[in-house]
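Peer 1: If you scroll down you'll find the structure; I have some questions about it.
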Amino acid sequence: MSTIKSVEEINDIENNFIISESFSNIQFKNSKINFNGENNYIFIDKDAKLTNTIITFHGDNSVLYIGKTRNSKVEVKVTLHNNSLVFFNDGCTFNKSSTFIASEGKDIVVGRDVMFSSGCWLRNSDVHMIYDENKRRINESSDIIIGDHVWVGQNSLNDL
């Protein structure tokens, strides 16, 4: 496992990748990135200000994309498991910390100009699998797609 707590540590990671046009303006304030796997990618805007942010990769081959936010502030808790994508398009705003969990090879995709209030949760899987009498899973995970120009209100929960 490797943990990144500053821009200066980005070059120290192995078998995972953080990609930006430039790293000179990216800021970490009480934030960290944890890699527990390999071949994971973060694409991040060159002016991002990670504030109270925790990004954790549990597994391999996942991608986090953070486009240019309205005020450059990124305040999230993102967890990605194997083969998952979390994508924040340009123009997103984060009032206070919100949580995003992508697993079971499913994705969370957020459109342009989406506003997140505080305490929002988006999970695309219920890790407690439920089966019917024929042993078929009845709570399959699925992608979460949020369109453009959406407001996600305080303490909202989208748990599929």
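Please note that chains go A, B, ... in the order of the structure tokens, that every chain numbers its residues from 1, and that ligands are numbered from 1 in the order shown.
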Can you tell me, as a compact mmCIF listing (two decimals) with all heavy atoms, in the first residue's frame, what residues are no more than 9 Å from Arg123 in chain A when counting only C-alpha atoms, ignoring any on the same chain fewer than 5 positions away?
Peer 2:
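Written file, part-v1.txt:
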```
# COMPACT_ATOMS: atom_id res chain seq x y z
N THR A 99 -19.54 11.41 -0.08
CA THR A 99 -18.89 10.11 -0.20
C THR A 99 -19.37 9.39 -1.46
O THR A 99 -20.57 9.35 -1.73
CB THR A 99 -19.20 9.25 1.04
OG1 THR A 99 -18.74 9.94 2.21
CG2 THR A 99 -18.53 7.89 0.96
N PHE A 100 -18.42 8.80 -2.19
CA PHE A 100 -18.71 8.08 -3.42
C PHE A 100 -17.99 6.74 -3.35
O PHE A 100 -16.78 6.70 -3.16
CB PHE A 100 -18.21 8.88 -4.63
CG PHE A 100 -18.78 10.27 -4.69
CD1 PHE A 100 -18.19 11.30 -3.98
CD2 PHE A 100 -19.91 10.54 -5.44
CE1 PHE A 100 -18.71 12.59 -4.01
CE2 PHE A 100 -20.45 11.82 -5.48
CZ PHE A 100 -19.84 12.84 -4.76
N ILE A 101 -18.74 5.63 -3.52
CA ILE A 101 -18.15 4.30 -3.46
C ILE A 101 -18.54 3.55 -4.72
O ILE A 101 -19.73 3.33 -4.98
CB ILE A 101 -18.61 3.52 -2.21
CG1 ILE A 101 -18.27 4.31 -0.94
CG2 ILE A 101 -17.98 2.13 -2.18
CD1 ILE A 101 -18.84 3.73 0.34
N ALA A 102 -17.54 3.15 -5.50
CA ALA A 102 -17.76 2.40 -6.74
C ALA A 102 -17.15 1.02 -6.59
O ALA A 102 -15.97 0.90 -6.23
CB ALA A 102 -17.15 3.13 -7.94
N SER A 103 -17.95 0.00 -6.86
CA SER A 103 -17.44 -1.37 -6.71
C SER A 103 -18.13 -2.30 -7.68
O SER A 103 -19.01 -1.90 -8.44
CB SER A 103 -17.62 -1.85 -5.27
OG SER A 103 -18.96 -1.77 -4.87
N ILE A 108 -19.58 5.35 -11.37
CA ILE A 108 -20.34 6.54 -10.98
C ILE A 108 -19.87 7.65 -11.91
O ILE A 108 -18.69 7.99 -11.93
CB ILE A 108 -20.08 6.92 -9.51
CG1 ILE A 108 -20.54 5.79 -8.58
CG2 ILE A 108 -20.79 8.23 -9.17
CD1 ILE A 108 -20.17 5.99 -7.11
N ILE A 144 -24.22 4.39 -11.67
CA ILE A 144 -24.97 5.60 -11.31
C ILE A 144 -24.54 6.68 -12.29
O ILE A 144 -23.35 6.95 -12.44
CB ILE A 144 -24.66 6.05 -9.87
CG1 ILE A 144 -25.12 5.00 -8.86
CG2 ILE A 144 -25.30 7.41 -9.59
CD1 ILE A 144 -24.71 5.30 -7.43
N LEU A 157 -28.92 10.16 -0.24
CA LEU A 157 -28.33 8.82 -0.33
C LEU A 157 -28.84 8.16 -1.59
O LEU A 157 -30.04 8.06 -1.83
CB LEU A 157 -28.72 7.97 0.88
CG LEU A 157 -28.34 6.50 0.83
CD1 LEU A 157 -26.83 6.33 0.85
CD2 LEU A 157 -28.96 5.75 1.99
N ASN A 158 -27.91 7.72 -2.43
CA ASN A 158 -28.24 6.90 -3.58
C ASN A 158 -27.46 5.61 -3.40
O ASN A 158 -26.27 5.55 -3.62
CB ASN A 158 -27.84 7.58 -4.89
CG ASN A 158 -28.27 6.77 -6.09
OD1 ASN A 158 -28.43 5.56 -6.02
ND2 ASN A 158 -28.45 7.44 -7.21
N ASP A 159 -28.14 4.60 -2.94
CA ASP A 159 -27.50 3.33 -2.60
C ASP A 159 -28.22 2.25 -3.38
O ASP A 159 -29.34 1.88 -3.07
CB ASP A 159 -27.63 3.09 -1.10
CG ASP A 159 -26.88 1.88 -0.63
OD1 ASP A 159 -26.14 1.28 -1.42
OD2 ASP A 159 -27.05 1.52 0.55
N LEU A 160 -27.57 1.76 -4.44
CA LEU A 160 -28.20 0.74 -5.28
C LEU A 160 -27.83 -0.63 -4.83
O LEU A 160 -26.78 -0.91 -4.39
CB LEU A 160 -27.81 0.95 -6.73
CG LEU A 160 -28.26 2.27 -7.32
CD1 LEU A 160 -27.75 2.40 -8.74
CD2 LEU A 160 -29.74 2.41 -7.30
```
Peer 1: Pick out the residues sitting within 9 Å of Gly91 in chain A, and hand them over as a VMD selection string; count only C-alpha atoms, and ignore anything fewer than 6 positions along from it in its own chain.
Peer 2: chain A and resid 67 to 71 111 to 115
Peer 1: Emit the selected residues as a PDB file, in the first residue's frame, including C-alpha atoms.
Peer 2:
```pdb
ATOM      1  CA  GLY A  67     -12.439  17.820 -13.988  1.00  0.00           C
ATOM      2  CA  LYS A  68     -12.144  21.531 -13.354  1.00  0.00           C
ATOM      3  CA  THR A  69     -14.465  22.445 -10.487  1.00  0.00           C
ATOM      4  CA  ARG A  70     -16.185  25.828 -10.176  1.00  0.00           C
ATOM      5  CA  ASN A  71     -13.920  27.011  -7.358  1.00  0.00           C
ATOM      6  CA  GLY A 111     -22.236  15.328 -15.519  1.00  0.00           C
ATOM      7  CA  ARG A 112     -21.260  18.966 -15.980  1.00  0.00           C
ATOM      8  CA  ASP A 113     -22.126  21.658 -13.463  1.00  0.00           C
ATOM      9  CA  VAL A 114     -23.435  19.330 -10.732  1.00  0.00           C
ATOM     10  CA  MET A 115     -23.675  20.758  -7.211  1.00  0.00           C
TER      11      MET A 115
END
```
Peer 1: From the options A:Asn134, A:Ser62, A:Ser125, A:Thr93, which residue's atoms come nearest to His149 in chain A, counting only C-alpha atoms?
Peer 2: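 Using only C-alpha atoms, the shortest distance to His149 in chain A belongs to A:Thr93.
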Peer 1: Under the rule that only C-alpha atoms are counted, which of A:Trp121, A:Thr56, A:Ile44, A:Glu140 is the nearest residue to Phe88 in chain A?
Peer 2: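 Counting only C-alpha atoms, the residue closest to Phe88 in chain A is A:Ile44.
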Peer 1: Given the choices A:Asn83, A:Asp12, A:Asn34, A:Val7, which gets closest to Leu50 in chain A if the distance is worked out from only C-alpha atoms?
Peer 2: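 Ranking A:Asn83, A:Asp12, A:Asn34, A:Val7 by distance to Leu50 in chain A, first place goes to A:Val7.
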Peer 1: Taking into account only C-alpha atoms, which residue in the set A:His81, A:Lys5, A:Lys73, A:Lys106 is nearest to Glu38 in chain A?
Peer 2: A:His81
Peer 1: Counting only C-alpha atoms, figure out which residue out of A:Phe116, A:Tyr41, A:Phe23, A:Phe94 gets nearest to Val74 in chain A.
Peer 2: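 Ranking A:Phe116, A:Tyr41, A:Phe23, A:Phe94 by distance to Val74 in chain A, first place goes to A:Phe94.
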Peer 1: Give me the residues near range 30-32 of chain A as a ChimeraX atom specification, where near means some atom within 7 Å (using only C-alpha atoms) and where sequence neighbours in that chain fewer than 5 positions away do not count.
Peer 2: /A:3-5,50-55
Peer 1: For the selection just defined, write its residues with N, CA and C atoms to a file, as a PDB file, in the first residue's frame.
Peer 2:
```pdb
ATOM      1  N   THR A   3       0.634   5.623   0.231  1.00  0.00           N
ATOM      2  CA  THR A   3      -0.210   6.762   0.577  1.00  0.00           C
ATOM      3  C   THR A   3       0.492   8.043   0.164  1.00  0.00           C
ATOM      4  N   ILE A   4      -0.265   8.909  -0.497  1.00  0.00           N
ATOM      5  CA  ILE A   4       0.235  10.202  -0.958  1.00  0.00           C
ATOM      6  C   ILE A   4      -0.471  11.285  -0.148  1.00  0.00           C
ATOM      7  N   LYS A   5       0.301  12.171   0.492  1.00  0.00           N
ATOM      8  CA  LYS A   5      -0.280  13.253   1.291  1.00  0.00           C
ATOM      9  C   LYS A   5       0.134  14.642   0.798  1.00  0.00           C
ATOM     10  N   LEU A  50      -7.418  19.830  -3.073  1.00  0.00           N
ATOM     11  CA  LEU A  50      -7.991  18.725  -2.315  1.00  0.00           C
ATOM     12  C   LEU A  50      -8.065  19.142  -0.846  1.00  0.00           C
ATOM     13  N   THR A  51      -9.292  19.212  -0.327  1.00  0.00           N
ATOM     14  CA  THR A  51      -9.526  19.662   1.038  1.00  0.00           C
ATOM     15  C   THR A  51     -10.300  18.591   1.785  1.00  0.00           C
ATOM     16  N   ASN A  52      -9.754  18.103   2.900  1.00  0.00           N
ATOM     17  CA  ASN A  52     -10.417  17.045   3.682  1.00  0.00           C
ATOM     18  C   ASN A  52     -10.848  15.892   2.783  1.00  0.00           C
ATOM     19  N   THR A  53     -10.005  15.560   1.852  1.00  0.00           N
ATOM     20  CA  THR A  53     -10.321  14.539   0.842  1.00  0.00           C
ATOM     21  C   THR A  53      -9.549  13.262   1.117  1.00  0.00           C
ATOM     22  N   ILE A  54     -10.256  12.130   0.995  1.00  0.00           N
ATOM     23  CA  ILE A  54      -9.610  10.825   1.076  1.00  0.00           C
ATOM     24  C   ILE A  54     -10.025  10.034  -0.155  1.00  0.00           C
ATOM     25  N   ILE A  55      -9.045   9.642  -0.937  1.00  0.00           N
ATOM     26  CA  ILE A  55      -9.272   8.823  -2.122  1.00  0.00           C
ATOM     27  C   ILE A  55      -8.587   7.485  -1.864  1.00  0.00           C
TER      28      ILE A  55
END
```
Peer 1: Per DSSP on the backbone, filter range 3-156 of chain A down to the residues in strand (DSSP E or B) and report them as a ChimeraX atom specification.
Peer 2: /A:3-4,17-19,27-29,32-36,41-44,49-51,54-58,63-66,73-74,76-81,85-88,93-94,98-102,108-110,115-116,121-123,131,137,144-146,151-152
Peer 1: Find the residues around Asn39 in chain A up to 8 Å (only C-alpha atoms counted), leave out those fewer than 5 positions away in its own chain, and share them as a PDB file with N, CA and C atoms, in the first residue's frame.
Peer 2:
```
ATOM      1  N   ASN A  15       3.427   1.669  -9.987  1.00  0.00           N
ATOM      2  CA  ASN A  15       2.363   0.834 -10.556  1.00  0.00           C
ATOM      3  C   ASN A  15       0.972   1.457 -10.461  1.00  0.00           C
ATOM      4  N   ASN A  16       0.885   2.730 -10.124  1.00  0.00           N
ATOM      5  CA  ASN A  16      -0.341   3.524 -10.143  1.00  0.00           C
ATOM      6  C   ASN A  16       0.039   4.887 -10.696  1.00  0.00           C
ATOM      7  N   PHE A  17      -0.949   5.685 -11.136  1.00  0.00           N
ATOM      8  CA  PHE A  17      -0.618   6.881 -11.886  1.00  0.00           C
ATOM      9  C   PHE A  17      -1.539   8.037 -11.518  1.00  0.00           C
ATOM     10  N   ASP A  60      -7.497  -3.224  -8.334  1.00  0.00           N
ATOM     11  CA  ASP A  60      -6.747  -2.878  -9.530  1.00  0.00           C
ATOM     12  C   ASP A  60      -7.654  -2.303 -10.630  1.00  0.00           C
ATOM     13  N   ASN A  61      -7.004  -1.593 -11.559  1.00  0.00           N
ATOM     14  CA  ASN A  61      -7.618  -1.187 -12.830  1.00  0.00           C
ATOM     15  C   ASN A  61      -8.815  -0.256 -12.672  1.00  0.00           C
ATOM     16  N   SER A  62      -8.733   0.697 -11.765  1.00  0.00           N
ATOM     17  CA  SER A  62      -9.819   1.663 -11.590  1.00  0.00           C
ATOM     18  C   SER A  62      -9.342   3.057 -11.959  1.00  0.00           C
TER      19      SER A  62
END
```
Peer 1: Using CA of Ile13 in chain A and CA of Glu75 in chain A as the two end points, give the distance in Å to one decimal.
Peer 2: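 Between CA of Ile13 in chain A and CA of Glu75 in chain A the gap works out to 22.3 Å.
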Peer 1: Quote the spacing between CA of Lys29 in chain A and CA of Asp45 in chain A in Å to one decimal place.
Peer 2: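 CA of Asp45 in chain A lies at a distance of 15.9 Å from CA of Lys29 in chain A.
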Peer 1: Find the residues around Asp107 in chain A up to 6 Å (only C-alpha atoms counted), leave out those fewer than 4 positions away in its own chain, and share them as a ChimeraX atom specification.
Peer 2: /A:84-86,102,143
Peer 1: Find, counting only C-alpha atoms, the residue in A:Tyr131, A:Trp151, A:Phe28, A:Phe87 that gets nearest to Lys49 in chain A.
Peer 2: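 Under the stated criterion, the closest residue is A:Phe28.
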